[in-house]
Amino acid sequence: MKTNHLITAVAAFLIGAGTVRAQSLESSFEFLRLPVSAHNSSLGGKVVSVFDPSPVLFIANPAILSANDTRLLGLNAMTWFSGTTVAGAQFSNSFDERSHYAFNARYVSYGRMKETSADGTVTGTFSAKDIAVGATWSYMLTDNLSGGVTGNLITSRYASMTSVAIGVDLGLLWLSEDRNISIGLAATNLGGQIKAFENTFQKLPFDVSAGISWSPEHAPLRFTVSMDNLTRWNKSDFYFTEGESKGFGEIFRRHFSLGADINLTERFYVAMGCNLRTRAEMAGKGSKGFTGMSIGTGLRLGKVMFDLSYGKYQVSESSLICNFAFNI
């Protein structure tokens with residue numbers, strides 16, 4: 001790969017992401033932070049460097065879509081709070097050897113809730129839901145460098161109120177010649193609302209993530225180190241308990257997640273990971289044990305892919321994420 005190609009791509013990426021850096025403040029549409037990929041989640045979440053064929057990994061980094069060399073239809077679901085439904089669907093295909101495209105939809109329903117007047121009188125019920133629909137395009141810029149972009153139409157409807165936003169995700173992925181090392185960079189949720197709740201405009205949950213994955217030669221292993229929230233370095237961006245250290249070292253540590261894949265066969269893997277921020281902040285809120293940790297597995301049988309992960313993303317309960325994919 002020519003060095004100037006990489007420099008140009010990274011520069012264009014940083015310019016695009018830098019124009020919306022201010023979006024790291026309080027945001028709307030927080031459901032966009034929910035994990036979609038079981039494999040991604042089992043490696044600690046926010047993984048942008050794993051170059052594997054999958055119908056969902058490209059949601060974290062659209063450049064990963066270049067790994068898909070077949071036509072795939074995917075479905076995903078996640079257990080969340082009681083009474084909620086979290087699900088989605090994806091379709092990916094290729095224009096040619098270097099150019100790929102995909103569509104995805106994400107849906108979160110919070111069920112029906114009681115509607116009350118100012119004095120607490122129950123006047124009925126209402127529903128609340130979030131939906132995001134997106135289209136992705138990726139292209140192999142060189143034999144070792146892939147770029148991608150996703151455009152999302154996002155809408156939330158709570159009772160009679162509706163909000164609409166446009167979001168854009170950008171991604172780059174570099175592969176070594178032997179493909180034992182991959183480095184990813186992604187900026188997600190650039191954009192903003194075009195229709196707000198009661199004319200109170202908020203920002204999207206903008207994030208910049210980076211990561212590296214490495215497979216030792218002649219070993220069925222792959223290690224991944226990821227960093228997210230790369231535009232957030234203030235103490236107010238993180239949760240600390242009283243008396244807990246708020247120094248730069250602690251803030252720096254909370255940007256990391258660590259993961260490892262064990263490829264038991266070409267068709268079966270086991271993965272595990274730890275998100276250091278989730279572990280630190282949820283432990284501070286009284287949740288310990290498996291907090292911040294995640295495990296997962298995946299199976300490839302002919303034209304069918306199946307991925308499952310288990311993790312704890314909130315204090316009250318754990319979550320399962322399931323992905324099915326069909327080669328059509």
# chains A, B, ... in the order shown; residues from 1 in each chain; ligands from 1
$ residues_around --residues "Phe29 (chain A)" --least-positions-apart "5" --cutoff "8 Å" --atoms "only C-alpha atoms" --output "ChimeraX atom specification"
/A:130,156,204-205
$ residues_around --residues "Thr125 (chain A)" --least-positions-apart "5" --cutoff "10 Å" --atoms "only C-alpha atoms" --output "list in words"
Gly111, Arg112, Met113, Lys114, Glu115, Thr116 and Ala159 of chain A
$ write_last_selection --atoms "C-alpha atoms" --output "compact mmCIF listing (two decimals), in the first residue's frame"
# COMPACT_ATOMS: atom_id res chain seq x y z
CA GLY A 111 -43.65 -0.76 25.48
CA ARG A 112 -46.73 1.01 26.77
CA MET A 113 -46.58 3.33 29.79
CA LYS A 114 -49.14 5.14 31.90
CA GLU A 115 -50.01 8.68 30.89
CA THR A 116 -50.81 10.98 33.82
CA ALA A 159 -46.65 9.56 22.66
$ residues_around --residues "Met293 (chain A)" --least-positions-apart "5" --cutoff "8 Å" --atoms "only C-alpha atoms" --output "VMD selection string"
chain A and resid 44 272 to 275 279 311 to 312
$ closest_residue --among "A:Phe326, A:Phe240, A:Tyr110, A:Phe206" --to "Asn189 (chain A)" --atoms "only C-alpha atoms"
A:Phe206
$ closest_residue --among "A:Ile295, A:Leu175, A:Met305, A:Ala210" --to "Pro53 (chain A)" --atoms "only C-alpha atoms"
A:Met305
$ select_by_dssp --residues "region 64-291 of chain A" --states "alpha helix (DSSP H)" --output "NGL selection string"
:A and (248-253 or 276-284)
$ closest_atom_pairs --of "region 142-229 of chain A" --to "region 67-83 of chain A" --cutoff "12 Å" --atoms "only C-alpha atoms" --output "tab-separated table"
residue	atom	partner	partner_atom	distance
A:Asn144	CA	A:Ala67	CA	11.7
A:Leu145	CA	A:Ala67	CA	11.5
A:Ser146	CA	A:Ala67	CA	9.3
A:Gly147	CA	A:Ala67	CA	11.4
A:Gly148	CA	A:Ala67	CA	11.5
A:Leu173	CA	A:Ala67	CA	10.3
A:Trp174	CA	A:Ala67	CA	11.8
A:Leu175	CA	A:Ala67	CA	11.1
A:Arg179	CA	A:Ala67	CA	11.7
A:Ser182	CA	A:Ala67	CA	11.9
$ residues_around --residues "Lys246 (chain A)" --least-positions-apart "5" --cutoff "10 Å" --atoms "only C-alpha atoms" --output "short mmCIF file (atom, residue, chain, number, x, y, z; two decimals) with C-alpha atoms, in the first residue's frame"
data_model
loop_
_atom_site.label_atom_id
_atom_site.label_comp_id
_atom_site.auth_asym_id
_atom_site.auth_seq_id
_atom_site.Cartn_x
_atom_site.Cartn_y
_atom_site.Cartn_z
CA ASN A 234 -12.96 16.01 30.72
CA LYS A 235 -13.81 14.67 34.17
CA SER A 236 -17.44 15.64 33.62
CA PHE A 238 -17.29 10.19 33.13
CA TYR A 239 -18.95 8.93 36.31
CA PHE A 240 -16.85 8.92 39.49
CA THR A 241 -17.83 8.00 43.02
CA ILE A 251 -9.66 9.01 32.49
#
$ closest_residue --among "A:Ile166, A:Leu190, A:Asn263, A:Val86" --to "Val36 (chain A)" --atoms "only C-alpha atoms"
A:Val86
$ select_by_dssp --residues "region 142-255 of chain A" --states "strand (DSSP E or B)" --output "PyMOL selection string"
chain A and resi 145-158+161-175+181-195+203+207-214+221-227
$ closest_residue --among "A:Leu172, A:Thr142, A:Ser215, A:Asp237" --to "Arg98 (chain A)" --atoms "only C-alpha atoms"
A:Thr142
